[in-house]
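The file upload-v3.txt comes next; it holds compact mmCIF, C-alpha atoms.
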```txt
# COMPACT_ATOMS: atom_id res chain seq x y z
CA MET A 1 18.47 157.95 323.58
CA SER A 2 15.03 159.07 322.44
CA GLY A 3 12.71 161.15 324.55
CA ILE A 4 11.23 164.61 325.04
CA TYR A 5 13.77 167.38 325.61
CA GLN A 6 11.56 170.42 324.99
CA ALA A 7 7.90 171.39 324.82
CA GLY A 8 6.23 170.58 321.51
CA GLN A 9 8.86 168.08 320.43
CA PHE A 10 7.56 165.50 317.96
CA GLU A 11 8.75 162.66 315.76
CA MET A 12 7.94 163.11 312.07
CA ARG A 13 7.36 159.61 310.69
CA PHE A 14 5.95 160.52 307.29
CA ALA A 15 5.25 163.69 305.31
CA GLN A 16 4.36 163.77 301.65
CA LEU A 17 2.92 166.33 299.24
CA ILE A 18 0.65 165.08 296.45
CA SER A 19 -0.07 167.24 293.40
CA SER A 20 -3.47 167.48 291.72
CA SER A 21 -2.09 165.23 288.97
CA GLY A 22 -1.01 162.55 291.46
CA GLN A 23 2.73 163.26 291.63
CA THR A 24 4.27 162.82 295.07
CA VAL A 25 7.29 164.19 296.90
CA ASP A 26 8.54 163.45 300.42
CA ILE A 27 9.07 166.54 302.58
CA GLU A 28 9.73 165.20 306.08
CA TYR A 29 13.39 166.25 305.81
CA ALA A 30 12.36 169.83 305.02
CA ILE A 31 9.84 170.47 307.82
CA VAL A 32 11.08 173.02 310.36
CA ASN A 33 7.90 173.53 312.35
CA LEU A 34 4.42 171.99 312.45
CA THR A 35 1.31 173.39 314.14
CA LEU A 36 -2.07 171.63 314.41
CA PHE A 37 -5.20 173.53 315.45
CA GLU A 38 -8.07 171.70 317.17
CA GLY A 39 -10.98 173.35 318.95
CA ILE A 40 -14.55 172.65 320.02
CA ALA A 41 -15.67 175.92 318.44
CA LYS A 42 -14.98 174.82 314.85
CA PRO A 43 -15.90 171.64 312.98
CA ILE A 44 -12.61 170.96 311.20
CA LEU A 45 -8.95 170.50 312.03
CA SER A 46 -6.38 172.81 310.43
CA GLY A 47 -2.71 173.61 310.69
CA GLU A 48 0.49 175.03 309.24
CA VAL A 49 3.84 173.57 308.19
CA LEU A 50 6.98 175.68 307.86
CA VAL A 51 9.23 174.21 305.17
CA ALA A 52 12.90 174.92 304.43
CA ASP A 53 13.23 173.81 300.80
CA SER A 54 16.81 173.17 299.69
CA VAL A 55 16.01 171.05 296.62
CA ASN A 56 13.48 173.32 294.85
CA LEU A 57 10.34 171.23 295.31
CA SER A 58 8.43 173.48 292.91
CA SER A 59 10.59 172.17 290.05
CA MET A 60 8.98 168.73 290.55
CA PHE A 61 5.45 170.12 290.25
CA PRO A 62 3.89 173.59 290.69
CA LEU A 63 3.09 174.45 294.33
CA ILE A 64 -0.08 176.50 293.99
CA GLY A 65 -2.07 175.59 297.10
CA GLN A 66 -4.28 172.83 295.70
CA GLU A 67 -2.17 169.86 296.77
CA TYR A 68 -2.81 167.18 299.37
CA LEU A 69 -0.62 166.56 302.39
CA LYS A 70 -0.11 163.22 304.12
CA LEU A 71 1.30 163.30 307.66
CA LYS A 72 2.15 160.83 310.37
CA ILE A 73 3.40 162.27 313.67
CA ALA A 74 4.15 160.86 317.10
CA THR A 75 5.22 162.35 320.41
CA ALA A 76 8.95 161.88 320.78
CA GLY A 77 9.74 158.78 322.84
CA ASP A 78 6.10 157.63 323.06
CA SER A 79 5.67 153.99 322.02
CA ASP A 80 1.83 154.00 322.29
CA GLU A 81 0.59 153.67 318.70
CA SER A 82 -2.94 154.74 319.69
CA ARG A 83 -1.63 158.29 320.21
CA VAL A 84 -0.02 158.57 316.78
CA ILE A 85 -1.49 161.35 314.65
CA ASP A 86 -2.02 159.64 311.31
CA PHE A 87 -3.26 161.44 308.19
CA THR A 88 -1.84 159.00 305.66
CA GLU A 89 -5.20 157.40 304.83
CA ASN A 90 -7.16 160.66 305.08
CA ALA A 91 -4.95 163.25 303.42
CA LEU A 92 -5.17 166.91 304.40
CA TYR A 93 -5.95 169.61 301.83
CA VAL A 94 -3.41 172.38 301.17
CA ASN A 95 -5.21 175.74 301.13
CA THR A 96 -2.34 178.18 300.59
CA ILE A 97 1.43 178.34 300.25
CA SER A 98 2.61 181.71 301.49
CA ASN A 99 5.41 183.81 303.00
CA ARG A 100 8.03 182.60 300.52
CA GLN A 101 11.44 183.90 301.56
CA ASP A 102 15.04 183.29 300.56
CA ALA A 103 16.75 181.81 303.64
CA GLY A 104 20.21 181.83 302.03
CA ASN A 105 22.50 179.08 300.71
CA GLY A 106 19.95 178.10 298.10
CA VAL A 107 17.23 177.44 300.68
CA GLN A 108 13.70 178.83 300.26
CA ALA A 109 11.34 178.94 303.24
CA TYR A 110 7.56 179.01 302.95
CA LEU A 111 4.44 178.28 304.97
CA ILE A 112 1.98 175.56 303.96
CA SER A 113 -1.51 176.07 305.42
CA PHE A 114 -3.82 173.07 305.40
CA SER A 115 -7.17 171.81 306.67
CA SER A 116 -9.25 168.64 306.57
CA ARG A 117 -10.44 167.45 303.17
CA GLU A 118 -14.03 167.76 304.42
CA HIS A 119 -13.57 171.53 304.61
CA ARG A 120 -13.05 171.66 300.84
CA VAL A 121 -15.98 169.30 300.19
CA ASN A 122 -18.20 171.49 302.37
CA GLU A 123 -17.55 174.50 300.12
CA ARG A 124 -18.61 172.58 297.02
CA VAL A 125 -21.58 170.51 298.18
CA ARG A 126 -25.18 171.55 298.91
CA VAL A 127 -27.76 169.33 300.60
CA ASN A 128 -31.20 169.46 298.98
CA ARG A 129 -33.29 166.64 300.38
CA THR A 130 -35.52 165.51 303.23
CA LEU A 131 -33.69 163.84 306.11
CA THR A 132 -35.39 161.71 308.74
CA GLY A 133 -34.40 160.21 312.08
CA SER A 134 -32.87 161.63 315.24
CA SER A 135 -30.60 164.66 314.99
CA THR A 136 -27.63 162.34 315.53
CA ASP A 137 -28.85 160.02 312.74
CA ILE A 138 -29.13 162.99 310.39
CA VAL A 139 -25.63 164.18 311.29
CA LYS A 140 -24.27 160.69 310.56
CA GLN A 141 -26.01 160.72 307.15
CA VAL A 142 -24.49 164.12 306.33
CA PHE A 143 -20.97 163.02 307.31
CA GLN A 144 -21.11 159.78 305.35
CA ASN A 145 -23.29 160.64 302.33
CA HIS A 146 -22.56 164.32 301.69
CA LEU A 147 -19.10 164.99 303.16
CA GLY A 148 -17.99 161.48 302.21
CA THR A 149 -15.77 161.13 305.25
CA LYS A 150 -14.06 157.85 306.11
CA LYS A 151 -12.86 159.08 309.48
CA ARG A 152 -14.12 157.74 312.81
CA LEU A 153 -17.34 159.32 314.07
CA PHE A 154 -17.95 159.85 317.78
CA LEU A 155 -21.69 160.53 317.90
CA GLU A 156 -23.71 160.95 321.08
CA PRO A 157 -27.30 159.68 320.58
CA SER A 158 -30.03 162.31 320.71
CA ALA A 159 -33.52 161.78 322.09
CA ASP A 160 -35.50 163.29 319.21
CA ASN A 161 -37.06 162.07 316.00
CA ARG A 162 -37.63 164.52 313.20
CA LYS A 163 -38.25 165.04 309.51
CA PHE A 164 -35.99 167.83 308.31
CA ILE A 165 -36.08 169.50 304.89
CA SER A 166 -32.68 170.84 303.86
CA ALA A 167 -32.84 173.54 301.19
CA ASN A 168 -29.45 174.27 299.60
CA LYS A 169 -27.51 174.07 302.86
CA ARG A 170 -23.82 173.31 303.17
CA PRO A 171 -23.17 170.08 305.12
CA PHE A 172 -21.55 171.76 308.14
CA GLU A 173 -24.29 174.41 308.15
CA LEU A 174 -26.84 171.59 308.40
CA ILE A 175 -24.85 169.85 311.16
CA GLU A 176 -24.70 173.11 313.11
CA GLU A 177 -28.47 173.42 312.83
CA MET A 178 -28.87 169.87 314.18
CA ALA A 179 -26.55 170.77 317.06
CA ASN A 180 -28.87 173.65 317.97
CA LEU A 181 -31.95 171.38 317.91
CA ALA A 182 -30.65 168.14 319.48
CA VAL A 183 -31.20 167.01 323.07
CA SER A 184 -29.01 164.28 324.54
CA GLN A 185 -30.63 160.90 325.15
CA LYS A 186 -28.33 160.18 328.10
CA HIS A 187 -27.81 163.60 329.70
CA VAL A 188 -31.21 165.09 328.73
CA GLU A 189 -29.67 168.43 327.81
CA PRO A 190 -28.88 170.41 324.66
CA CYS A 191 -25.50 172.13 324.06
CA TYR A 192 -24.30 169.80 321.29
CA LEU A 193 -20.96 170.57 319.66
CA CYS A 194 -19.44 169.43 316.38
CA PHE A 195 -15.64 169.41 316.17
CA GLU A 196 -12.73 167.42 314.80
CA THR A 197 -9.67 166.01 316.53
CA TYR A 198 -6.91 163.84 315.11
CA ARG A 199 -9.01 160.83 316.17
CA GLY A 200 -12.04 161.81 314.07
CA PHE A 201 -15.24 163.88 314.11
CA HIS A 202 -17.26 164.43 317.29
CA PHE A 203 -20.93 165.34 317.68
CA ARG A 204 -21.56 165.41 321.41
CA THR A 205 -22.72 167.52 324.34
CA LEU A 206 -20.70 169.55 326.79
CA ALA A 207 -21.90 167.19 329.53
CA SER A 208 -20.24 164.23 327.79
CA LEU A 209 -16.98 166.17 327.64
CA TYR A 210 -17.15 166.97 331.34
```
Represent the supplied structure as structure tokens.
Amino acid sequence: MSGIYQAGQFEMRFAQLISSSGQTVDIEYAIVNLTLFEGIAKPILSGEVLVADSVNLSSMFPLIGQEYLKLKIATAGDSDESRVIDFTENALYVNTISNRQDAGNGVQAYLISFSSREHRVNERVRVNRTLTGSSTDIVKQVFQNHLGTKKRLFLEPSADNRKFISANKRPFELIEEMANLAVSQKHVEPCYLCFETYRGFHFRTLASLY
């Protein structure tokens, strides 16, 4: 009988590592522990996977921390598909593979640290152009045109209209600046936040969260 028997229990439906050359390997059988980090104080989602490797995955392709990770996770016993955490269409980026240890019996344990793909794009892209519209409109342009995200966007309309010149700014740096300038159209207050959950990216005020 399926169900939750302890805190943090989850059902791993899909887990796959993809090398920079496009090779793939399934790792759902090897995952011992999975942690996802979400918070309103940072714009991207991140996490860690503890793997117990008994088949020497590194012999299939080098594990150097530049791979992509596809995940699909559900709460154990929950049949509501809307609550499934699905990163199969929007793969996560592997930042580091660390803490390699011999666990005995030919098993090697290591920690895979990952974050959203947009985090990697943000480090490589600079925005050098004039952007017009409300702060929310500008944020939408940055997400779609500069970060290239295909994730859902939850954007609260702002009541301003501006012409903003971006000079060599990273996308999330520019979004943070818009968050500091924007005033909500509905709640008539500032305090905008930009953060990511498993559902997508949010650009909204504290009042809307309350």
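You will find CA of Ala182 in chain A at 22.9 Å from CA of His119 in chain A.
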Notebook entry, point to check: Can you list, as a PyMOL selection string, every protein, DNA or RNA residue that comes within 8 Å of range 88-99 of chain A when you count only C-alpha atoms, leaving out same-chain residues fewer than 4 positions away?
Noted result: chain A and resi 63-72+109-117+120+150-151
Kindly export the residues of the current selection with C-alpha atoms, as an mmCIF file, in the frame of the given file.
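Below you can see result-v3.cif, which holds the result:
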```cif
data_model
loop_
_atom_site.group_PDB
_atom_site.id
_atom_site.type_symbol
_atom_site.label_atom_id
_atom_site.label_comp_id
_atom_site.auth_asym_id
_atom_site.auth_seq_id
_atom_site.Cartn_x
_atom_site.Cartn_y
_atom_site.Cartn_z
ATOM 1 C CA LEU A 63 3.090 174.450 294.330
ATOM 2 C CA ILE A 64 -0.080 176.500 293.990
ATOM 3 C CA GLY A 65 -2.070 175.590 297.100
ATOM 4 C CA GLN A 66 -4.280 172.830 295.700
ATOM 5 C CA GLU A 67 -2.170 169.860 296.770
ATOM 6 C CA TYR A 68 -2.810 167.180 299.370
ATOM 7 C CA LEU A 69 -0.620 166.560 302.390
ATOM 8 C CA LYS A 70 -0.110 163.220 304.120
ATOM 9 C CA LEU A 71 1.300 163.300 307.660
ATOM 10 C CA LYS A 72 2.150 160.830 310.370
ATOM 11 C CA ALA A 109 11.340 178.940 303.240
ATOM 12 C CA TYR A 110 7.560 179.010 302.950
ATOM 13 C CA LEU A 111 4.440 178.280 304.970
ATOM 14 C CA ILE A 112 1.980 175.560 303.960
ATOM 15 C CA SER A 113 -1.510 176.070 305.420
ATOM 16 C CA PHE A 114 -3.820 173.070 305.400
ATOM 17 C CA SER A 115 -7.170 171.810 306.670
ATOM 18 C CA SER A 116 -9.250 168.640 306.570
ATOM 19 C CA ARG A 117 -10.440 167.450 303.170
ATOM 20 C CA ARG A 120 -13.050 171.660 300.840
ATOM 21 C CA LYS A 150 -14.060 157.850 306.110
ATOM 22 C CA LYS A 151 -12.860 159.080 309.480
#
```
Next item on the list: Compare A:Ile73, A:Leu45, A:Ile40, A:Ser184 by their minimum atom-to-atom distance to Glu28 in chain A, counting all atoms listed in the file, and give me the closest one.
Entry: A:Ile73
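The two atoms in question, CA of Val55 in chain A and CA of Asp26 in chain A, are spaced 11.3 Å apart.
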Thr197 in chain A: which residues within 10 Å, counting all atoms listed in the file, same-chain residues fewer than 3 positions away excluded, as an mmCIF file with C-alpha atoms, in the frame of the given file?
```
data_model
loop_
_atom_site.group_PDB
_atom_site.id
_atom_site.type_symbol
_atom_site.label_atom_id
_atom_site.label_comp_id
_atom_site.auth_asym_id
_atom_site.auth_seq_id
_atom_site.Cartn_x
_atom_site.Cartn_y
_atom_site.Cartn_z
ATOM 1 C CA LEU A 36 -2.070 171.630 314.410
ATOM 2 C CA PHE A 37 -5.200 173.530 315.450
ATOM 3 C CA GLU A 38 -8.070 171.700 317.170
ATOM 4 C CA GLY A 39 -10.980 173.350 318.950
ATOM 5 C CA ILE A 40 -14.550 172.650 320.020
ATOM 6 C CA PRO A 43 -15.900 171.640 312.980
ATOM 7 C CA ILE A 44 -12.610 170.960 311.200
ATOM 8 C CA LEU A 45 -8.950 170.500 312.030
ATOM 9 C CA SER A 46 -6.380 172.810 310.430
ATOM 10 C CA ILE A 85 -1.490 161.350 314.650
ATOM 11 C CA GLY A 200 -12.040 161.810 314.070
ATOM 12 C CA PHE A 201 -15.240 163.880 314.110
ATOM 13 C CA HIS A 202 -17.260 164.430 317.290
#
```
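If you look at CA of Thr205 in chain A and CA of Met178 in chain A, they are 12.1 Å away from each other.
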Checklist line | Exercise: residues within 10 Å of coordinate (-29.8, 164.8, 322.4), counting only C-alpha atoms, as a ChimeraX atom specification | finding: /A:134-136,156-160,178-192,204-205
Export of prior selection with C-alpha atoms as a PDB file, in the frame of the given file:
```pdb
ATOM      1  CA  SER A 134     -32.870 161.630 315.240  1.00  0.00           C
ATOM      2  CA  SER A 135     -30.600 164.660 314.990  1.00  0.00           C
ATOM      3  CA  THR A 136     -27.630 162.340 315.530  1.00  0.00           C
ATOM      4  CA  GLU A 156     -23.710 160.950 321.080  1.00  0.00           C
ATOM      5  CA  PRO A 157     -27.300 159.680 320.580  1.00  0.00           C
ATOM      6  CA  SER A 158     -30.030 162.310 320.710  1.00  0.00           C
ATOM      7  CA  ALA A 159     -33.520 161.780 322.090  1.00  0.00           C
ATOM      8  CA  ASP A 160     -35.500 163.290 319.210  1.00  0.00           C
ATOM      9  CA  MET A 178     -28.870 169.870 314.180  1.00  0.00           C
ATOM     10  CA  ALA A 179     -26.550 170.770 317.060  1.00  0.00           C
ATOM     11  CA  ASN A 180     -28.870 173.650 317.970  1.00  0.00           C
ATOM     12  CA  LEU A 181     -31.950 171.380 317.910  1.00  0.00           C
ATOM     13  CA  ALA A 182     -30.650 168.140 319.480  1.00  0.00           C
ATOM     14  CA  VAL A 183     -31.200 167.010 323.070  1.00  0.00           C
ATOM     15  CA  SER A 184     -29.010 164.280 324.540  1.00  0.00           C
ATOM     16  CA  GLN A 185     -30.630 160.900 325.150  1.00  0.00           C
ATOM     17  CA  LYS A 186     -28.330 160.180 328.100  1.00  0.00           C
ATOM     18  CA  HIS A 187     -27.810 163.600 329.700  1.00  0.00           C
ATOM     19  CA  VAL A 188     -31.210 165.090 328.730  1.00  0.00           C
ATOM     20  CA  GLU A 189     -29.670 168.430 327.810  1.00  0.00           C
ATOM     21  CA  PRO A 190     -28.880 170.410 324.660  1.00  0.00           C
ATOM     22  CA  CYS A 191     -25.500 172.130 324.060  1.00  0.00           C
ATOM     23  CA  TYR A 192     -24.300 169.800 321.290  1.00  0.00           C
ATOM     24  CA  ARG A 204     -21.560 165.410 321.410  1.00  0.00           C
ATOM     25  CA  THR A 205     -22.720 167.520 324.340  1.00  0.00           C
TER      26      THR A 205
END
```
Using all atoms listed in the file, find each residue of range 16-39 of chain A with at least one atom at most 8 Å away from an atom of range 48-51 of chain A; report its shortest atom-to-atom pair and that distance in Å (one decimal), sort the rows by chain and rising residue number, and return the result as CSV.
```
residue,atom,partner,partner_atom,distance
A:Ala30,CA,A:Val51,CA,5.4
A:Ile31,CA,A:Val51,CA,4.6
A:Val32,CA,A:Leu50,CA,5.5
A:Asn33,CA,A:Leu50,CA,5.1
A:Leu34,CA,A:Val49,CA,4.6
A:Thr35,CA,A:Glu48,CA,5.2
A:Leu36,CA,A:Glu48,CA,6.7
```
